[in-house]
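A short write-up of the structure that comes next.
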Amino acid sequence: MRPNFENTAIAFELKSDSQLERAYFLFRMIANEPLVRIGSAVTNFALKAHLPVEGLIRATVFDHFCGGVNEKDCLSVIDNMYSKGVHSILDYSAEGKEVDNQFDFAVQKTLEILDFVKEKDAMPFAVFKPTGFGRFKLYEKKSAGQPLDEKETAEWGRIVDRYEKVCKKAHALGVALLIDAEESWMQDAADDLALDMMRKYNKESTIVYNTFQMYRWDRMDYLKKLNALAKEEGFKVGAKVVRGAYMEKENDRAHEKGYESPICKSKQETDENFDAAITFGMQHLDRITLFAGTHNEKSCLMLVDLMEQHQLEPSNTNIWFGQLFGMSDHITYNLAQEGYNVVKYVPYGPVKDVMPYLIRRAEENTSVAGQTSRELALLQKERKRRKLDS
């Protein structure tokens with residue numbers, strides 16, 4: 001059955017009245033772009049100056065968009081959502097420093113989460129970011145096809161070992177592992193590593209998933225190429241399909257360096273590219289396992305309709321929907337209500353370390369046309385419904 005994204009009673013059932021009011025207040029603030037910029041600068045300054053603002057951040061923006069400061073802290077959030085059929089992906093969102101012990105710490109965190117996932121049905125995936133395991137500049141150099149010196153070659157070997165360590169464990173536990181995508185000028189090297197891991201660990205089932213940012217006009221061709229390779233070599237493709245997260249940075253760099261931007265020329269082209277990837281994935285479900293990471297209602301409903309056309313049950317394990325914690329609850333909970341596989345990305349980590357993530361999230365919300373106003377309209381609708389029912 002098609003989910004009803006207007007059903008706010010289901011969307012916000014887990015929110016108390018005070019949590020609903022907090023969400024409404026936060027999205028009203030986020031809707032004001034100058035306020036977001038000023039607030040971000042003030043927050044950064046306050047944290048760097050060690051002013052006592054962590055309590056305020058924790059009680060407002062942090063608790064709305066994050067699960068907690070550590071894994072244990074997130075358990076009640078995970079269990080609460082799972083009571084409504086919504087799964088979780090724990091995403092350690094602290095910004096790391098580019099040194100080996102920090103990369104090894106990120107690996108250790110991922111290994112711990114894999115054990116955690118194995119124990120909890122509420123958590124079907126673990127996740128990591130390529131630059132959590134190695135230096136951005138090294139990925140960039142490798143992607144550009146530039147030769148590495150002896151020291152860099154050894155460093156790259158350590159990155160490969162980190163990928164191998166977590167993917168091998170994920171395979172041994174039978175736990176799915178998502179690898180995030182990042183900027184285009186470092187992504188080729190990350191793609192090659194993800195492909196190597198799929199070849200090795202996706203022979204019987206889909207363990208390793210790579211992420212396809214469909215605001216890049218070349219990603220559809222890459223997905224088709226990967227599918228052809230999988231058919232030829234006998235492995236499965238884990239495809240997490242998203243629109244993308246670095247558009248301004250990508251366009252600015254292309255303009256500055258004088259090359260053609262890898263980003264689609266319009267939002268419509270991005271939307272068409274995303275929907276084409278979803279459609280292609282559905283046509284090749286024998287080889288592709290699909291994770292649709294989107295806050296776009298039309299794309300979600302299109303995937304629901306495609307599943308019906310292919311006579312697939314909502315619970316088919318080859319298809320997952322995903323949204324970020326603190327956003328698009330009307331999509332997440334109404335999909336779950338109809339039995340679809342849906343997950344929330346739940347960021348966590350120390351408040352101070354997670355602030356760069358939260359600031360990016362606020363800035364992205366101000367720049368996504370219609371996203372914040374839609375959230376506000378639904379929250380207001382639920383506030384009115386509760387007042388009438390009381």
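By order of appearance in the structure tokens: chains A, B, ..., then residues from 1 within every chain, and ligands from 1 in the order shown.
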Against segment 1-13 of chain A, which residues of segment 83-176 of chain A fall within 12 Å? For each one I want the closest pair of atoms and the distance in Å (one decimal), counting only C-alpha atoms, rows by chain and increasing residue number, as JSON lines.
```
{"residue": "A:Ser83", "atom": "CA", "partner": "A:Glu13", "partner_atom": "CA", "distance": 11.2}
{"residue": "A:Lys84", "atom": "CA", "partner": "A:Glu13", "partner_atom": "CA", "distance": 9.1}
{"residue": "A:Gly85", "atom": "CA", "partner": "A:Ile10", "partner_atom": "CA", "distance": 11.7}
{"residue": "A:Val86", "atom": "CA", "partner": "A:Ala11", "partner_atom": "CA", "distance": 11.3}
```
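Scanning segment 110-280 of chain A with DSSP on the backbone, the strand (DSSP E) assignments fall on Phe125, Ala126, Val127, Phe128, Ala176, Leu177, Leu178, Ile179, Val208, Tyr209, Asn210, Thr211, Phe212, Gln213, Val237, Gly238, Ala239, Lys240, Val241 and Val242 of chain A.
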Nearby residues (only C-alpha atoms) at most 8 Å from Glu375 of chain A, same-chain spacing under 3 positions excluded, as an mmCIF file with N, CA and C atoms, in the first residue's frame:
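Output file out.cif is given in full below:
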```
data_model
loop_
_atom_site.group_PDB
_atom_site.id
_atom_site.type_symbol
_atom_site.label_atom_id
_atom_site.label_comp_id
_atom_site.auth_asym_id
_atom_site.auth_seq_id
_atom_site.Cartn_x
_atom_site.Cartn_y
_atom_site.Cartn_z
ATOM 1 N N PHE A 27 13.499 24.346 13.168
ATOM 2 C CA PHE A 27 13.320 24.527 11.727
ATOM 3 C C PHE A 27 12.943 25.963 11.373
ATOM 4 N N MET A 327 15.128 14.521 10.479
ATOM 5 C CA MET A 327 14.555 15.082 9.252
ATOM 6 C C MET A 327 13.624 14.082 8.577
ATOM 7 N N SER A 328 12.631 14.617 7.877
ATOM 8 C CA SER A 328 11.729 13.816 7.026
ATOM 9 C C SER A 328 11.081 12.636 7.751
ATOM 10 N N GLN A 371 12.718 22.209 1.448
ATOM 11 C CA GLN A 371 12.903 21.198 2.492
ATOM 12 C C GLN A 371 12.459 21.711 3.863
ATOM 13 N N THR A 372 12.982 22.879 4.239
ATOM 14 C CA THR A 372 12.673 23.413 5.568
ATOM 15 C C THR A 372 11.217 23.842 5.677
ATOM 16 N N LEU A 378 4.529 20.577 8.143
ATOM 17 C CA LEU A 378 4.079 19.315 8.756
ATOM 18 C C LEU A 378 4.096 19.397 10.282
ATOM 19 N N LEU A 379 5.122 20.032 10.827
ATOM 20 C CA LEU A 379 5.188 20.203 12.289
ATOM 21 C C LEU A 379 4.026 21.084 12.772
#
```
Write out as an NGL selection string the set of residues from segment 139-188 of chain A that DSSP, computed on the backbone, places in helix (DSSP H, G or I). :A and (139-143 or 150-173 or 184-188)
Write out the residues from the selection above, keeping C-alpha atoms, as an mmCIF file, in the first residue's frame.
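Final output, result26.cif:
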```cif
data_model
loop_
_atom_site.group_PDB
_atom_site.id
_atom_site.type_symbol
_atom_site.label_atom_id
_atom_site.label_comp_id
_atom_site.auth_asym_id
_atom_site.auth_seq_id
_atom_site.Cartn_x
_atom_site.Cartn_y
_atom_site.Cartn_z
ATOM 1 C CA TYR A 139 43.112 9.780 -2.222
ATOM 2 C CA GLU A 140 43.303 12.873 -4.432
ATOM 3 C CA LYS A 141 46.796 12.055 -5.681
ATOM 4 C CA LYS A 142 45.846 8.422 -6.319
ATOM 5 C CA SER A 143 42.653 9.499 -8.142
ATOM 6 C CA GLU A 150 57.902 5.388 -1.051
ATOM 7 C CA LYS A 151 56.382 6.942 2.067
ATOM 8 C CA GLU A 152 53.025 7.540 0.340
ATOM 9 C CA THR A 153 52.985 3.994 -1.061
ATOM 10 C CA ALA A 154 53.352 2.629 2.480
ATOM 11 C CA GLU A 155 50.643 5.017 3.676
ATOM 12 C CA TRP A 156 48.281 3.890 0.899
ATOM 13 C CA GLY A 157 48.989 0.296 1.895
ATOM 14 C CA ARG A 158 47.746 1.115 5.402
ATOM 15 C CA ILE A 159 44.505 2.548 3.954
ATOM 16 C CA VAL A 160 43.966 -0.643 1.947
ATOM 17 C CA ASP A 161 44.622 -2.689 5.099
ATOM 18 C CA ARG A 162 41.990 -0.652 7.001
ATOM 19 C CA TYR A 163 39.377 -1.281 4.295
ATOM 20 C CA GLU A 164 40.318 -4.944 4.262
ATOM 21 C CA LYS A 165 40.072 -5.248 8.041
ATOM 22 C CA VAL A 166 36.532 -3.866 8.306
ATOM 23 C CA CYS A 167 35.175 -5.520 5.150
ATOM 24 C CA LYS A 168 36.607 -8.914 6.167
ATOM 25 C CA LYS A 169 34.942 -8.635 9.581
ATOM 26 C CA ALA A 170 31.638 -7.475 8.051
ATOM 27 C CA HIS A 171 31.726 -10.511 5.763
ATOM 28 C CA ALA A 172 32.543 -12.882 8.639
ATOM 29 C CA LEU A 173 29.622 -11.501 10.675
ATOM 30 C CA SER A 184 34.773 13.948 -6.966
ATOM 31 C CA TRP A 185 38.509 14.711 -7.126
ATOM 32 C CA MET A 186 39.279 12.014 -4.536
ATOM 33 C CA GLN A 187 36.430 9.625 -5.353
ATOM 34 C CA ASP A 188 38.045 7.495 -8.098
#
```
If we count only C-alpha atoms and set the cut-off at 10 Å, which residues sit around Phe274 of chain A, ignoring sequence neighbours fewer than 6 positions away in its own chain? Please answer as a PyMOL selection string. chain A and resi 212-217+219-220+241-244+268+280+292+294+299
From the list A:Ile89, A:Ile78, A:Ala59, A:Val304, the nearest residue to Gly322 of chain A using only C-alpha atoms is A:Ile89
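Distances here use only C-alpha atoms; by that measure, the residue among A:Leu14, A:Ile57, A:Ala276, A:Ala239 closest to Tyr82 of chain A is A:Leu14.
One finds atom CA of Arg383 of chain A at 26.4 Å from atom CA of Gly55 of chain A.
Nearest to Gly145 of chain A of all the residues A:Asp121, A:Cys300, A:Asn210, A:Ala189 is A:Ala189, based on only C-alpha atoms.
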Near segment 175-179 of chain A, counting only C-alpha atoms, which residues have an atom at most 10 Å away, once you skip same-chain residues fewer than 3 positions from it, shown as a PyMOL selection string? chain A and resi 89+110+114-115+117-118+123-130+163+166-167+169-172+182+190-191+194+202+205-212+238-240+291
Take the residues that were just selected and, keeping N, CA and C atoms, output them as an mmCIF file, in the first residue's frame.
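Output contents, as saved in selection.cif:
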```
data_model
loop_
_atom_site.group_PDB
_atom_site.id
_atom_site.type_symbol
_atom_site.label_atom_id
_atom_site.label_comp_id
_atom_site.auth_asym_id
_atom_site.auth_seq_id
_atom_site.Cartn_x
_atom_site.Cartn_y
_atom_site.Cartn_z
ATOM 1 N N ILE A 89 21.153 3.348 11.549
ATOM 2 C CA ILE A 89 22.564 3.208 11.183
ATOM 3 C C ILE A 89 23.324 4.182 12.064
ATOM 4 N N THR A 110 34.489 1.483 13.817
ATOM 5 C CA THR A 110 33.710 0.735 12.820
ATOM 6 C C THR A 110 33.630 -0.739 13.200
ATOM 7 N N LEU A 114 30.267 -2.868 14.054
ATOM 8 C CA LEU A 114 29.930 -4.132 13.380
ATOM 9 C C LEU A 114 29.471 -5.177 14.400
ATOM 10 N N ASP A 115 30.166 -5.259 15.539
ATOM 11 C CA ASP A 115 29.740 -6.176 16.607
ATOM 12 C C ASP A 115 28.363 -5.778 17.146
ATOM 13 N N VAL A 117 26.028 -4.115 15.540
ATOM 14 C CA VAL A 117 25.020 -4.401 14.510
ATOM 15 C C VAL A 117 24.640 -5.876 14.541
ATOM 16 N N LYS A 118 25.642 -6.729 14.697
ATOM 17 C CA LYS A 118 25.410 -8.177 14.719
ATOM 18 C C LYS A 118 24.448 -8.561 15.840
ATOM 19 N N MET A 123 19.568 -2.679 13.861
ATOM 20 C CA MET A 123 20.654 -2.052 13.108
ATOM 21 C C MET A 123 21.145 -2.977 11.987
ATOM 22 N N PRO A 124 20.681 -2.754 10.757
ATOM 23 C CA PRO A 124 21.061 -3.660 9.662
ATOM 24 C C PRO A 124 22.374 -3.312 8.970
ATOM 25 N N PHE A 125 22.928 -2.122 9.224
ATOM 26 C CA PHE A 125 24.128 -1.669 8.514
ATOM 27 C C PHE A 125 25.135 -1.015 9.464
ATOM 28 N N ALA A 126 26.413 -1.082 9.069
ATOM 29 C CA ALA A 126 27.447 -0.206 9.629
ATOM 30 C C ALA A 126 27.884 0.721 8.489
ATOM 31 N N VAL A 127 28.643 1.776 8.825
ATOM 32 C CA VAL A 127 29.030 2.735 7.793
ATOM 33 C C VAL A 127 30.395 3.338 8.119
ATOM 34 N N PHE A 128 31.155 3.710 7.086
ATOM 35 C CA PHE A 128 32.359 4.506 7.307
ATOM 36 C C PHE A 128 32.592 5.425 6.118
ATOM 37 N N LYS A 129 33.431 6.427 6.350
ATOM 38 C CA LYS A 129 33.756 7.444 5.359
ATOM 39 C C LYS A 129 35.180 7.187 4.875
ATOM 40 N N PRO A 130 35.455 7.207 3.569
ATOM 41 C CA PRO A 130 36.819 6.938 3.091
ATOM 42 C C PRO A 130 37.886 7.775 3.785
ATOM 43 N N TYR A 163 40.569 -0.830 5.043
ATOM 44 C CA TYR A 163 39.377 -1.281 4.295
ATOM 45 C C TYR A 163 39.214 -2.789 4.431
ATOM 46 N N VAL A 166 37.957 -4.026 7.975
ATOM 47 C CA VAL A 166 36.532 -3.866 8.306
ATOM 48 C C VAL A 166 35.639 -4.682 7.370
ATOM 49 N N CYS A 167 35.998 -4.758 6.099
ATOM 50 C CA CYS A 167 35.175 -5.520 5.150
ATOM 51 C C CYS A 167 35.246 -7.029 5.439
ATOM 52 N N LYS A 169 35.752 -8.379 8.385
ATOM 53 C CA LYS A 169 34.942 -8.635 9.581
ATOM 54 C C LYS A 169 33.457 -8.575 9.263
ATOM 55 N N ALA A 170 33.049 -7.588 8.448
ATOM 56 C CA ALA A 170 31.638 -7.475 8.051
ATOM 57 C C ALA A 170 31.181 -8.752 7.355
ATOM 58 N N HIS A 171 32.044 -9.273 6.483
ATOM 59 C CA HIS A 171 31.726 -10.511 5.763
ATOM 60 C C HIS A 171 31.611 -11.689 6.728
ATOM 61 N N ALA A 172 32.553 -11.775 7.664
ATOM 62 C CA ALA A 172 32.543 -12.882 8.639
ATOM 63 C C ALA A 172 31.275 -12.848 9.501
ATOM 64 N N GLU A 182 32.522 10.960 -1.267
ATOM 65 C CA GLU A 182 32.993 12.304 -0.909
ATOM 66 C C GLU A 182 33.219 13.126 -2.181
ATOM 67 N N ALA A 190 38.694 5.996 -4.060
ATOM 68 C CA ALA A 190 37.757 5.372 -3.109
ATOM 69 C C ALA A 190 36.862 4.363 -3.830
ATOM 70 N N ASP A 191 36.425 4.700 -5.048
ATOM 71 C CA ASP A 191 35.601 3.787 -5.848
ATOM 72 C C ASP A 191 36.359 2.493 -6.150
ATOM 73 N N ALA A 194 36.446 0.352 -3.076
ATOM 74 C CA ALA A 194 35.121 -0.247 -2.833
ATOM 75 C C ALA A 194 34.874 -1.391 -3.809
ATOM 76 N N ASN A 202 31.423 -9.772 -1.908
ATOM 77 C CA ASN A 202 30.008 -9.768 -2.330
ATOM 78 C C ASN A 202 29.678 -10.921 -3.267
ATOM 79 N N SER A 205 26.443 -12.853 -1.073
ATOM 80 C CA SER A 205 25.416 -11.872 -0.691
ATOM 81 C C SER A 205 26.035 -10.482 -0.705
ATOM 82 N N THR A 206 25.199 -9.457 -0.562
ATOM 83 C CA THR A 206 25.704 -8.082 -0.629
ATOM 84 C C THR A 206 26.150 -7.632 0.757
ATOM 85 N N ILE A 207 27.456 -7.525 0.918
ATOM 86 C CA ILE A 207 28.038 -7.051 2.179
ATOM 87 C C ILE A 207 28.478 -5.596 2.035
ATOM 88 N N VAL A 208 29.248 -5.303 0.988
ATOM 89 C CA VAL A 208 29.830 -3.966 0.799
ATOM 90 C C VAL A 208 28.970 -3.143 -0.166
ATOM 91 N N TYR A 209 28.631 -1.936 0.266
ATOM 92 C CA TYR A 209 27.875 -0.991 -0.567
ATOM 93 C C TYR A 209 28.736 0.239 -0.834
ATOM 94 N N ASN A 210 28.807 0.667 -2.081
ATOM 95 C CA ASN A 210 29.411 1.964 -2.387
ATOM 96 C C ASN A 210 28.292 2.998 -2.542
ATOM 97 N N THR A 211 28.658 4.284 -2.461
ATOM 98 C CA THR A 211 27.654 5.352 -2.559
ATOM 99 C C THR A 211 27.799 6.075 -3.890
ATOM 100 N N PHE A 212 26.660 6.286 -4.548
ATOM 101 C CA PHE A 212 26.612 6.946 -5.849
ATOM 102 C C PHE A 212 25.910 8.291 -5.684
ATOM 103 N N GLY A 238 26.440 -3.507 -4.152
ATOM 104 C CA GLY A 238 25.676 -2.768 -3.151
ATOM 105 C C GLY A 238 25.673 -1.315 -3.569
ATOM 106 N N ALA A 239 24.490 -0.775 -3.867
ATOM 107 C CA ALA A 239 24.406 0.595 -4.384
ATOM 108 C C ALA A 239 23.575 1.474 -3.459
ATOM 109 N N LYS A 240 24.271 2.326 -2.729
ATOM 110 C CA LYS A 240 23.565 3.356 -1.962
ATOM 111 C C LYS A 240 23.468 4.580 -2.868
ATOM 112 N N PHE A 291 19.908 0.782 -1.956
ATOM 113 C CA PHE A 291 19.648 1.601 -0.771
ATOM 114 C C PHE A 291 19.378 3.012 -1.282
#
```
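Comparing the minimum interatomic distances between Glu272 of chain A and each of A:Lys236, A:Phe133, A:Thr332, A:Lys298, counting only C-alpha atoms, we find that A:Lys298 sits nearest.
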